[in-house]
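Undergrad: After the structure tokens below, expect a handful of questions from me.
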Amino acid sequence: MSSNAKAPSLSERAKGNIAAPTPPYLNGLNEEQADAVLTTDGPVLVLAGAGTGKTRVLTTRIGHILATGKARPNEILAVTFTNKATREMKNRIGAMIGGMVEGMPWLGTFHSIGVKILRRHAEMVDLKSNFTILDGDDSLRLMKQLIKAENIDEKRWPPRRLATIIDGWKNRGLTPEKVPSNERGIFADGRGLSLYAAYQKRLKELNAVDFGDLLLEMNKLLADNPDILKEYHRRFKYILVDEYQDTNVAQYMWLRLIAQGTGNICCVGDDDQAIYGWRGAEVDNILRFEKDFPGAKTIRLERNYRSTGHILAAASGLISHNEDRLGKTLHTEDGLGDQVTLKGVWDDAEEARSIGDEIEALQTKQHPLNEIAILVRASFQMRAFEDRFVTLGLPYRVIGGPRFYERLEIKDACAYFDVVLNPANDLKFERIINTPKRGLANATLEVLHHHARSRGISLFESAMEIVDTEELRPKPRGSLRALIERFGHWRSLVENTPHTELAEQILDDSGYTQMWQKDKSPQAQTRLENLKELIRYMGEFENLAGFMEHVSLVMDADANNDGDRVNLMTLHAAKGLEFDTVFLPGWEEGLFPHQRSLDEEGKSGLEEERRLGYVGITRAKKKSHISFTQNRRIHGSWVTQPPSRFIDELPEKNIEVIEQMGNFGGYATSRFENMPQNYERTPKGNANAGKNYNRKSASNFTKTIDAKVIAKKTVTTDYEVGERIFHQKFGYGAITNINGDTLDIDFEKASPKKVKASFVERH
DNA sequence: TTGTTACTATTTTTT
DNA sequence: ATAGTAACAA
């Protein structure tokens with residue numbers, strides 16, 4: 001520019017060198033991305049389509065703020081939606097900045113950040129700072145108790161439903177007083193609201209919060225205490241929000257409160273990927289952004305770096321059928337690549353077989369399995385694939401399946417730890433008071449409850465009192481006393497015993513470990529291993545309390561998942577991930593779009609389903625395979641359903657239809673194995689037909705859901721038909737049939753039964 | 001009090 | 001088909 005006119009001075013020339021070089025972290029960003037990174041101040045909304053480098057922008061932005069010294073790591077609030085996303089961010093920032101990540105204490109999910117803040121000011125919202133966090137299970141149990149106490153028929157008014165209703169209210173930021181009058185009549189003839197109030201009261205008594213409260217109480221805290229709010233305004237110089245389209249009203253209110261400080265808030269999201277409406281997410285938040293944050297700058301990222309042309313076009317074509325969207329036009333500079341394939345098959349087994357074959361073919365072509373994903377609408381669809389992969393010996397992992405900490409044994413163990421740390425935790429105490437069996441069942445519990453309620457004390461305290469009275473019969477009384485004493489003992493060890501050691505001792509002492517050791521069921525072994533894993537994982541934390549904090553919110557240790565494996569997950573779990581090859585099975589009316597979303601949400605439900613399809617297709621970098629079945633088993637009976645309406649919404653030129661022999665895909669090849677099933681579809685014949693079929697195709701592997709166990713010890717039974725065996729309970733008998741580890745046995749002194757192989761001995 | 005059996009309702013997605 | 005619950009027997 002002007003410096004060309006006259007010769008620059010030495011200092012100017014040298015200065016040029018300072019100003020000019022772009023920081024290395026900006027390299028490779030396109031114009032919009034760079035804009036999103038560099039516009040640090042004021043409200044910014046980044047509309048980032050699928051595969052446009054959203055996470056990269058977010059992390060680079062943080063890196064930029066840190067590198068330029070605009071804020072220190074602990075002055076940045078970065079909120080994500082899932083733990084997975086948090087981890088990913090930490091890793092990426094770590095790679096960019098190097099190590100500093102631990103210094104970013106305010107990078108986390110809404111919930112984990114909520115806990116952190118609430119612990120500091122617990123007393124302001126009527127809690128003690130060691131409050132416990134209830135998971136869905138706990139809160140459901142609590143609601144059940146309340147419903148029972150009100151003498152409401154559990155059958156007619158299932159606790160589940162109440163849980164959903166209350167959760168919905170909480171998601172919308174509604175405390176009991178704020179629930180609009182037209183919704184008060186809901187549940188059990190208008191008692192829903194009072195149950196909600198009772199539930200909240202009970203939570204306070206228990207010094208506990210549920211997930212929803214983490215947001216709700218948070219808002220109460222900040223709204224009612226301007227000085228505290230100011231403190232956080234000062235603290236957070238920059239706010240970043242990931243997956244903004246998934247925020248619900250409560251989260252939105254919270255963000256708005258906090259952002260009133262500096263106003264430096266940057267939200268990244270994609271309205272076309274809003275798939276959590278059922279959970280209270282409000283796409284509206286993204287639409288309202290410019291209104292609520294005046295002077296907001298909106299930046300659109302529309303260049304897709306992930307998928308090839310056909311895939312992107314197919315996805316765009318599909319999503320264009322939605323009416324409620326901000327509208328983005330994604331483009332790619334990659335080639336067209338391959339078309340999206342479309343295939344119809346006979347039933348779900350055939351679908352699994354077909355996809356399994358295809359994956360095997362890919363495998364021989366050196367396609368890494370890690371780069372292959374199967375994305376299903378509902379988790380029950382996974383079973384067919386798991387079955388098939390086990391037979392093929394194809395390694396796979398389930399992402400987002402039952403989480404580690406949701407397993408029975410883990411929850412039981414944690415309940416023990418919880419009660420040791422906090423005897424007033426009634427729900428946990430109740431959970432384990434009779435696990436393992438100690439003769440302390442309903443009757444005893446009833447007495448305890450009664451006493452606790454009348455005296456206004458916790459179950460544990462009332463147990464201590466009752467043990468010294470005549471109220472219980474000697475047997476349970478002794479048993480209860482022993483339990484209490486043991487808890488006292490453990491509690492005395494908390495201070496000076498290494499926590500992993502203590503944990504082990506608790507599990508052994510209580511007889512919990514023994515309970516599983518005695519258990520002969522095939523899962524018992526895995527359970528024990530999980531417990532070991534739990535203790536091992538615990539070692540990574542400083543103390544028991546620190547560990548427990550993580551368990552409730554953050555923990556998902558997936559063991560045994562390394563190596564090259566096919567990924568199996570729901571469409572919801574797939575958001576944010578990408579794979580070379582993606583299979584999208586089950587595109588049928590009723591399943592996808594899901595019937596329920598149509599029934600309950602009408603058009604907006606349908607649009608959300610369509611976005612789910614969009615998310616699915618755009619996960620693929622190179623290949624997308626859509627398939628649908630003609631027949632599917634739902635609620636145990638066979639249903640024939642038409643292909644998904646979404647299929648015909650796909651642009652024809654981007655789709656390659658896979659034709660097969662016969663007039664319906666896959667029929668010719670699958671007929672042989674499926675015929676019997678079809679012929680014997682009478683109500684009672686059905687069960688047997690299914691079994692026969694299974695035996696034929698699946699020879700000697702079990703059909704248990706816990707396929708991971710099987711994968712390890714492939715064949716568990718080496719019994720033979722006709723062999724004579726002994727069973728602890730039923731005595732001697734002969735094997736008439738074998739199905740995996742389930743044996744059909746004709747007992748000499750009892751009626752024929754199906755028995756797990758682990759329960760019998762050779763004779 | 002525990003264990004068994006019979007029955008019923010339930011099947012989306014999750015922090 | 002399955003899980004979870006309620007009713008019943010030992």
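FYI, nothing fancy with the structure tokens labels: chains A, B, ... in order, residues from 1 per chain, ligands from 1 as they appear.
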Need to verify the contact set: DG4 in chain C, 10 Å, only C-alpha atoms (C1' of nucleotides), exclusion of same-chain residues closer than 5 positions in sequence. Can you return it as JSON, numbers by chain?

TA: {"B": [8, 9, 10]}

Undergrad: Should the cut-off be 12 Å, what would the residue list for chain C against chain A look like, counting only C-alpha atoms (C1' of nucleotides), as a PyMOL selection string?

TA: chain C and resi 1-2+5-6

Undergrad: Which chain B residues are at most 7 Å from chain A (counting only C-alpha atoms (C1' of nucleotides)), as a PyMOL selection string?

TA: chain B and resi 1+12-13+15

Undergrad: Rounded to one decimal in Å, what is the spacing between CA of Val37 in chain A and CA of Pro73 in chain A?

TA: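 Straight-line distance from CA of Val37 in chain A to CA of Pro73 in chain A works out to 16.4 Å.
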
Undergrad: Which distance in Å separates CA of Ala503 in chain A and CA of Leu544 in chain A, to one decimal?

TA: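 Those two atoms sit 8.3 Å apart.
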
Undergrad: From the set A:Ala34, A:Leu427, A:Leu58, A:Leu255, which residue has the shortest atom-to-atom contact distance to Asp138 in chain A, counting only C-alpha atoms?

TA: A:Leu427

Undergrad: Record the distance separating CA of Arg234 in chain A and CA of Leu47 in chain A, expressed in Å with one decimal.

TA: 27.7 Å

Undergrad: Just list the residues in range 358-425 of chain A DSSP gives helix (DSSP H, G or I) on the backbone, as a CSV table (one decimal) with all heavy atoms, in the first residue's frame.

TA:
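After the write, selection02.csv holds the following:
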```csv
chain,number,residue,atom,x,y,z
A,358,GLU,N,-20.7,-56.8,3.5
A,358,GLU,CA,-20.1,-55.6,2.9
A,358,GLU,C,-18.9,-55.1,3.7
A,358,GLU,O,-17.9,-54.8,3.1
A,358,GLU,CB,-21.1,-54.5,2.8
A,358,GLU,CG,-20.8,-53.4,1.8
A,358,GLU,CD,-21.9,-53.1,0.9
A,358,GLU,OE1,-22.9,-53.9,0.9
A,358,GLU,OE2,-21.8,-52.1,0.1
A,359,ILE,N,-19.0,-55.2,5.0
A,359,ILE,CA,-17.9,-54.8,5.8
A,359,ILE,C,-16.8,-55.8,5.7
A,359,ILE,O,-15.6,-55.3,5.6
A,359,ILE,CB,-18.4,-54.7,7.3
A,359,ILE,CG1,-19.3,-53.5,7.5
A,359,ILE,CG2,-17.2,-54.5,8.2
A,359,ILE,CD1,-19.9,-53.3,8.8
A,360,GLU,N,-17.1,-57.0,5.6
A,360,GLU,CA,-16.0,-58.0,5.4
A,360,GLU,C,-15.3,-57.7,4.1
A,360,GLU,O,-14.1,-57.9,4.0
A,360,GLU,CB,-16.6,-59.4,5.4
A,360,GLU,CG,-16.9,-59.9,6.8
A,360,GLU,CD,-17.0,-61.4,6.9
A,360,GLU,OE1,-17.7,-62.0,6.0
A,360,GLU,OE2,-16.5,-62.0,7.8
A,361,ALA,N,-16.0,-57.4,3.1
A,361,ALA,CA,-15.4,-57.1,1.8
A,361,ALA,C,-14.5,-55.9,1.9
A,361,ALA,O,-13.4,-55.9,1.4
A,361,ALA,CB,-16.5,-56.8,0.7
A,362,LEU,N,-15.0,-54.9,2.6
A,362,LEU,CA,-14.2,-53.7,2.8
A,362,LEU,C,-12.9,-54.1,3.6
A,362,LEU,O,-11.8,-53.6,3.3
A,362,LEU,CB,-14.9,-52.6,3.6
A,362,LEU,CG,-16.1,-51.9,2.9
A,362,LEU,CD1,-16.9,-51.1,3.9
A,362,LEU,CD2,-15.5,-51.1,1.8
A,363,GLN,N,-13.1,-54.9,4.6
A,363,GLN,CA,-12.0,-55.3,5.4
A,363,GLN,C,-10.8,-56.0,4.6
A,363,GLN,O,-9.7,-55.7,4.8
A,363,GLN,CB,-12.4,-56.3,6.5
A,363,GLN,CG,-11.5,-56.5,7.6
A,363,GLN,CD,-12.1,-57.5,8.6
A,363,GLN,OE1,-13.0,-58.3,8.3
A,363,GLN,NE2,-11.6,-57.4,9.9
A,364,THR,N,-11.2,-56.8,3.6
A,364,THR,CA,-10.2,-57.4,2.8
A,364,THR,C,-9.5,-56.4,1.9
A,364,THR,O,-8.4,-56.6,1.4
A,364,THR,CB,-10.8,-58.5,1.9
A,364,THR,OG1,-11.8,-58.0,1.1
A,364,THR,CG2,-11.4,-59.7,2.7
A,369,LEU,N,-11.5,-50.7,10.1
A,369,LEU,CA,-12.9,-50.9,10.7
A,369,LEU,C,-13.2,-49.6,11.5
A,369,LEU,O,-14.4,-49.3,11.7
A,369,LEU,CB,-12.9,-52.1,11.6
A,369,LEU,CG,-12.7,-53.4,10.9
A,369,LEU,CD1,-12.8,-54.6,11.9
A,369,LEU,CD2,-13.6,-53.6,9.7
A,370,ASN,N,-12.2,-49.0,12.1
A,370,ASN,CA,-12.5,-47.8,12.9
A,370,ASN,C,-13.2,-46.7,12.1
A,370,ASN,O,-13.8,-45.8,12.6
A,370,ASN,CB,-11.1,-47.3,13.4
A,370,ASN,CG,-10.7,-48.0,14.7
A,370,ASN,OD1,-11.5,-48.5,15.4
A,370,ASN,ND2,-9.4,-48.0,14.9
A,371,GLU,N,-13.0,-46.8,10.8
A,371,GLU,CA,-13.6,-45.8,9.9
A,371,GLU,C,-14.9,-46.2,9.3
A,371,GLU,O,-15.4,-45.7,8.4
A,371,GLU,CB,-12.6,-45.5,8.8
A,371,GLU,CG,-11.4,-44.6,9.2
A,371,GLU,CD,-12.0,-43.2,9.6
A,371,GLU,OE1,-13.0,-42.7,9.0
A,371,GLU,OE2,-11.4,-42.6,10.6
A,379,SER,N,-31.9,-48.1,19.8
A,379,SER,CA,-30.9,-49.0,20.2
A,379,SER,C,-31.3,-50.5,20.0
A,379,SER,O,-30.4,-51.3,19.9
A,379,SER,CB,-30.5,-48.7,21.6
A,379,SER,OG,-31.6,-48.6,22.4
A,380,PHE,N,-32.6,-50.8,20.0
A,380,PHE,CA,-32.9,-52.2,19.8
A,380,PHE,C,-32.4,-52.7,18.5
A,380,PHE,O,-32.2,-53.9,18.3
A,380,PHE,CB,-34.4,-52.5,20.0
A,380,PHE,CG,-35.2,-52.1,18.9
A,380,PHE,CD1,-35.5,-52.9,17.8
A,380,PHE,CD2,-35.9,-50.8,18.9
A,380,PHE,CE1,-36.3,-52.5,16.8
A,380,PHE,CE2,-36.7,-50.4,17.9
A,380,PHE,CZ,-36.9,-51.3,16.8
A,381,GLN,N,-32.2,-51.8,17.5
A,381,GLN,CA,-31.7,-52.3,16.2
A,381,GLN,C,-30.3,-52.9,16.3
A,381,GLN,O,-29.9,-53.6,15.4
A,381,GLN,CB,-31.7,-51.1,15.2
A,381,GLN,CG,-33.0,-50.6,14.8
A,381,GLN,CD,-32.9,-49.3,14.0
A,381,GLN,OE1,-33.0,-48.2,14.5
A,381,GLN,NE2,-32.6,-49.5,12.7
A,382,MET,N,-29.6,-52.5,17.3
A,382,MET,CA,-28.2,-52.9,17.4
A,382,MET,C,-28.1,-54.4,17.5
A,382,MET,O,-27.1,-55.0,17.1
A,382,MET,CB,-27.5,-52.2,18.6
A,382,MET,CG,-27.3,-50.8,18.4
A,382,MET,SD,-26.4,-50.1,19.8
A,382,MET,CE,-26.5,-48.4,19.6
A,383,ARG,N,-29.0,-55.0,18.2
A,383,ARG,CA,-29.0,-56.4,18.5
A,383,ARG,C,-28.7,-57.3,17.3
A,383,ARG,O,-27.8,-58.1,17.3
A,383,ARG,CB,-30.2,-56.8,19.1
A,383,ARG,CG,-30.3,-58.3,19.4
A,383,ARG,CD,-31.7,-58.6,19.9
A,383,ARG,NE,-31.6,-58.8,21.3
A,383,ARG,CZ,-31.8,-60.0,21.9
A,383,ARG,NH1,-32.0,-61.0,21.2
A,383,ARG,NH2,-31.7,-60.1,23.2
A,384,ALA,N,-29.4,-57.0,16.2
A,384,ALA,CA,-29.2,-57.8,15.0
A,384,ALA,C,-27.8,-57.7,14.5
A,384,ALA,O,-27.2,-58.7,14.1
A,384,ALA,CB,-30.2,-57.4,13.9
A,385,PHE,N,-27.2,-56.5,14.6
A,385,PHE,CA,-25.9,-56.4,14.2
A,385,PHE,C,-24.9,-57.0,15.1
A,385,PHE,O,-23.9,-57.7,14.7
A,385,PHE,CB,-25.5,-54.9,14.0
A,385,PHE,CG,-26.3,-54.2,12.9
A,385,PHE,CD1,-27.5,-53.5,13.1
A,385,PHE,CD2,-25.9,-54.4,11.6
A,385,PHE,CE1,-28.2,-53.0,12.1
A,385,PHE,CE2,-26.6,-53.9,10.5
A,385,PHE,CZ,-27.8,-53.1,10.8
A,386,GLU,N,-25.1,-56.9,16.4
A,386,GLU,CA,-24.2,-57.5,17.3
A,386,GLU,C,-24.2,-59.1,17.1
A,386,GLU,O,-23.2,-59.7,17.0
A,386,GLU,CB,-24.6,-57.2,18.8
A,386,GLU,CG,-24.5,-55.8,19.1
A,386,GLU,CD,-24.4,-55.5,20.6
A,386,GLU,OE1,-23.6,-56.2,21.3
A,386,GLU,OE2,-25.1,-54.6,21.0
A,387,ASP,N,-25.4,-59.6,17.0
A,387,ASP,CA,-25.5,-61.0,16.7
A,387,ASP,C,-24.7,-61.4,15.5
A,387,ASP,O,-23.9,-62.4,15.5
A,387,ASP,CB,-27.0,-61.4,16.4
A,387,ASP,CG,-27.7,-61.6,17.7
A,387,ASP,OD1,-27.1,-61.5,18.8
A,387,ASP,OD2,-28.9,-61.9,17.6
A,388,ARG,N,-24.9,-60.7,14.4
A,388,ARG,CA,-24.2,-61.0,13.2
A,388,ARG,C,-22.7,-60.9,13.3
A,388,ARG,O,-21.9,-61.7,12.8
A,388,ARG,CB,-24.7,-60.1,12.1
A,388,ARG,CG,-24.3,-60.4,10.7
A,388,ARG,CD,-24.8,-61.8,10.3
A,388,ARG,NE,-24.2,-62.3,9.1
A,388,ARG,CZ,-24.0,-63.6,8.8
A,388,ARG,NH1,-24.5,-64.5,9.6
A,388,ARG,NH2,-23.4,-63.9,7.6
A,389,PHE,N,-22.3,-59.8,13.9
A,389,PHE,CA,-20.8,-59.6,14.0
A,389,PHE,C,-20.1,-60.6,14.9
A,389,PHE,O,-19.0,-61.0,14.7
A,389,PHE,CB,-20.6,-58.2,14.6
A,389,PHE,CG,-21.0,-57.1,13.7
A,389,PHE,CD1,-21.1,-55.7,14.1
A,389,PHE,CD2,-21.2,-57.3,12.4
A,389,PHE,CE1,-21.4,-54.7,13.3
A,389,PHE,CE2,-21.6,-56.3,11.5
A,389,PHE,CZ,-21.7,-55.0,12.0
A,390,VAL,N,-20.9,-61.1,15.9
A,390,VAL,CA,-20.3,-62.1,16.8
A,390,VAL,C,-20.1,-63.4,15.9
A,390,VAL,O,-19.1,-64.0,16.0
A,390,VAL,CB,-21.2,-62.4,18.0
A,390,VAL,CG1,-20.7,-63.6,18.7
A,390,VAL,CG2,-21.2,-61.2,18.9
A,391,THR,N,-21.1,-63.7,15.1
A,391,THR,CA,-20.9,-64.9,14.3
A,391,THR,C,-19.8,-64.7,13.3
A,391,THR,O,-19.0,-65.7,13.0
A,391,THR,CB,-22.1,-65.3,13.4
A,391,THR,OG1,-23.0,-64.2,13.5
A,391,THR,CG2,-22.7,-66.6,13.8
A,392,LEU,N,-19.7,-63.6,12.7
A,392,LEU,CA,-18.6,-63.3,11.7
A,392,LEU,C,-17.3,-63.2,12.4
A,392,LEU,O,-16.3,-63.2,11.7
A,392,LEU,CB,-18.9,-62.1,10.9
A,392,LEU,CG,-20.1,-62.1,10.0
A,392,LEU,CD1,-20.3,-60.7,9.3
A,392,LEU,CD2,-19.9,-63.2,8.9
A,404,PHE,N,-20.9,-47.3,31.7
A,404,PHE,CA,-20.2,-48.0,32.8
A,404,PHE,C,-20.9,-47.8,34.1
A,404,PHE,O,-21.2,-48.7,34.8
A,404,PHE,CB,-18.7,-47.6,32.8
A,404,PHE,CG,-17.9,-48.4,33.8
A,404,PHE,CD1,-17.6,-49.7,33.4
A,404,PHE,CD2,-17.4,-47.8,34.9
A,404,PHE,CE1,-16.8,-50.5,34.3
A,404,PHE,CE2,-16.6,-48.6,35.8
A,404,PHE,CZ,-16.3,-49.9,35.5
A,405,TYR,N,-21.1,-46.5,34.4
A,405,TYR,CA,-21.6,-46.3,35.8
A,405,TYR,C,-23.1,-46.6,35.9
A,405,TYR,O,-23.7,-46.5,37.0
A,405,TYR,CB,-21.3,-44.8,36.2
A,405,TYR,CG,-22.1,-43.8,35.4
A,405,TYR,CD1,-23.4,-43.5,35.8
A,405,TYR,CD2,-21.5,-43.1,34.4
A,405,TYR,CE1,-24.1,-42.5,35.1
A,405,TYR,CE2,-22.2,-42.2,33.7
A,405,TYR,CZ,-23.5,-41.9,34.0
A,405,TYR,OH,-24.2,-40.9,33.3
A,406,GLU,N,-23.7,-46.9,34.8
A,406,GLU,CA,-25.1,-47.3,34.9
A,406,GLU,C,-25.3,-48.8,35.2
A,406,GLU,O,-26.4,-49.2,35.4
A,406,GLU,CB,-25.8,-46.9,33.6
A,406,GLU,CG,-26.2,-45.5,33.6
A,406,GLU,CD,-26.6,-45.0,32.2
A,406,GLU,OE1,-26.7,-45.9,31.3
A,406,GLU,OE2,-26.9,-43.8,32.0
A,408,LEU,N,-25.5,-52.2,37.1
A,408,LEU,CA,-26.0,-52.6,38.4
A,408,LEU,C,-24.9,-52.6,39.5
A,408,LEU,O,-25.0,-52.0,40.5
A,408,LEU,CB,-26.6,-54.0,38.3
A,408,LEU,CG,-27.3,-54.6,39.5
A,408,LEU,CD1,-28.6,-53.9,39.8
A,408,LEU,CD2,-27.5,-56.1,39.3
A,409,GLU,N,-23.8,-53.4,39.2
A,409,GLU,CA,-22.8,-53.6,40.2
A,409,GLU,C,-22.1,-52.3,40.5
A,409,GLU,O,-21.7,-52.0,41.7
A,409,GLU,CB,-21.8,-54.7,39.8
A,409,GLU,CG,-21.0,-54.4,38.5
A,409,GLU,CD,-21.8,-54.7,37.2
A,409,GLU,OE1,-23.0,-54.8,37.3
A,409,GLU,OE2,-21.1,-54.7,36.2
A,410,ILE,N,-21.9,-51.4,39.5
A,410,ILE,CA,-21.2,-50.2,39.7
A,410,ILE,C,-22.1,-49.3,40.6
A,410,ILE,O,-21.6,-48.6,41.5
A,410,ILE,CB,-20.9,-49.5,38.4
A,410,ILE,CG1,-20.1,-50.4,37.5
A,410,ILE,CG2,-20.2,-48.2,38.6
A,410,ILE,CD1,-18.8,-50.8,38.2
A,411,LYS,N,-23.4,-49.3,40.3
A,411,LYS,CA,-24.3,-48.4,41.1
A,411,LYS,C,-24.3,-48.9,42.6
A,411,LYS,O,-24.4,-48.1,43.5
A,411,LYS,CB,-25.7,-48.4,40.5
A,411,LYS,CG,-25.7,-47.8,39.1
A,411,LYS,CD,-27.1,-47.5,38.7
A,411,LYS,CE,-27.2,-46.0,38.6
A,411,LYS,NZ,-28.6,-45.6,38.3
A,412,ASP,N,-24.4,-50.2,42.7
A,412,ASP,CA,-24.4,-50.8,44.1
A,412,ASP,C,-23.2,-50.4,44.8
A,412,ASP,O,-23.3,-49.9,45.9
A,412,ASP,CB,-24.5,-52.3,44.0
A,412,ASP,CG,-25.9,-52.8,43.6
A,412,ASP,OD1,-26.9,-52.0,43.7
A,412,ASP,OD2,-26.1,-53.9,43.2
A,413,ALA,N,-22.1,-50.6,44.2
A,413,ALA,CA,-20.8,-50.3,44.9
A,413,ALA,C,-20.8,-48.8,45.2
A,413,ALA,O,-20.4,-48.4,46.4
A,413,ALA,CB,-19.6,-50.6,43.9
A,414,CYS,N,-21.2,-47.9,44.3
A,414,CYS,CA,-21.1,-46.5,44.6
A,414,CYS,C,-22.1,-46.1,45.7
A,414,CYS,O,-21.9,-45.2,46.4
A,414,CYS,CB,-21.4,-45.7,43.3
A,414,CYS,SG,-20.1,-45.8,42.1
A,415,ALA,N,-23.2,-46.9,45.7
A,415,ALA,CA,-24.2,-46.6,46.8
A,415,ALA,C,-23.5,-46.8,48.2
A,415,ALA,O,-23.7,-46.0,49.1
A,415,ALA,CB,-25.4,-47.5,46.6
A,416,TYR,N,-22.7,-47.9,48.3
A,416,TYR,CA,-22.0,-48.1,49.5
A,416,TYR,C,-21.1,-47.0,49.8
A,416,TYR,O,-21.0,-46.4,51.0
A,416,TYR,CB,-21.2,-49.4,49.4
A,416,TYR,CG,-21.9,-50.7,49.8
A,416,TYR,CD1,-22.5,-51.5,48.9
A,416,TYR,CD2,-22.1,-51.0,51.2
A,416,TYR,CE1,-23.2,-52.6,49.2
A,416,TYR,CE2,-22.8,-52.1,51.6
A,416,TYR,CZ,-23.3,-52.9,50.6
A,416,TYR,OH,-24.0,-54.0,51.0
A,417,PHE,N,-20.3,-46.6,48.8
A,417,PHE,CA,-19.3,-45.5,49.1
A,417,PHE,C,-20.1,-44.2,49.5
A,417,PHE,O,-19.7,-43.5,50.4
A,417,PHE,CB,-18.5,-45.2,47.8
A,417,PHE,CG,-17.8,-46.4,47.3
A,417,PHE,CD1,-17.5,-46.6,45.9
A,417,PHE,CD2,-17.5,-47.5,48.1
A,417,PHE,CE1,-16.9,-47.7,45.4
A,417,PHE,CE2,-16.8,-48.6,47.6
A,417,PHE,CZ,-16.5,-48.7,46.3
A,418,ASP,N,-21.2,-44.0,48.8
A,418,ASP,CA,-22.0,-42.8,49.1
A,418,ASP,C,-22.4,-42.7,50.5
A,418,ASP,O,-22.3,-41.7,51.2
A,418,ASP,CB,-23.2,-42.7,48.2
A,418,ASP,CG,-23.0,-41.8,47.0
A,418,ASP,OD1,-22.2,-40.8,47.1
A,418,ASP,OD2,-23.7,-42.0,46.0
A,419,VAL,N,-22.9,-43.9,51.0
A,419,VAL,CA,-23.5,-43.9,52.3
A,419,VAL,C,-22.3,-43.8,53.4
A,419,VAL,O,-22.5,-43.1,54.4
A,419,VAL,CB,-24.3,-45.2,52.6
A,419,VAL,CG1,-24.7,-45.3,54.0
A,419,VAL,CG2,-25.5,-45.2,51.6
A,420,VAL,N,-21.2,-44.3,53.0
A,420,VAL,CA,-20.1,-44.1,53.9
A,420,VAL,C,-19.7,-42.6,54.1
A,420,VAL,O,-19.5,-42.1,55.2
A,420,VAL,CB,-18.8,-44.9,53.4
A,420,VAL,CG1,-17.6,-44.5,54.2
A,420,VAL,CG2,-19.0,-46.4,53.5
A,421,LEU,N,-19.7,-41.9,52.9
A,421,LEU,CA,-19.4,-40.5,53.0
A,421,LEU,C,-20.5,-39.7,53.6
A,421,LEU,O,-20.3,-38.7,54.2
A,421,LEU,CB,-19.0,-40.0,51.6
A,421,LEU,CG,-17.8,-40.6,50.9
A,421,LEU,CD1,-17.6,-40.0,49.5
A,421,LEU,CD2,-16.6,-40.3,51.8
```

Undergrad: What parts of range 443-615 of chain A does DSSP call strand (DSSP E or B)? I'd like the answer as a list in words.

TA: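 Those residues are Val566, Asn567, Leu568, Met569, Thr570, Phe579, Asp580, Thr581, Val582, Phe583, Leu584, Glu588, Gly590, Leu591 and His594 of chain A.
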
Undergrad: Neighbours of DC8 in chain C within 12 Å (only C-alpha atoms (C1' of nucleotides); same-chain residues fewer than 6 positions away dropped), as a list in words?

TA: DT2, DG3, DT4, DT5 and DA6 of chain B

Undergrad: Which polymer residues have any atom within 6 Å of an atom of range 118-133 of chain A, counting only C-alpha atoms (C1' of nucleotides), with same-chain residues fewer than 2 positions away left out, as an MDAnalysis selection string?

TA: chainID A and resid 114:116 207:210

Undergrad: Would you mind listing what lies within 10 Å of Glu88 in chain A as a ChimeraX atom specification, with only C-alpha atoms (C1' of nucleotides) counted and same-chain residues fewer than 6 positions away left out?

TA: /A:55,59,82,94
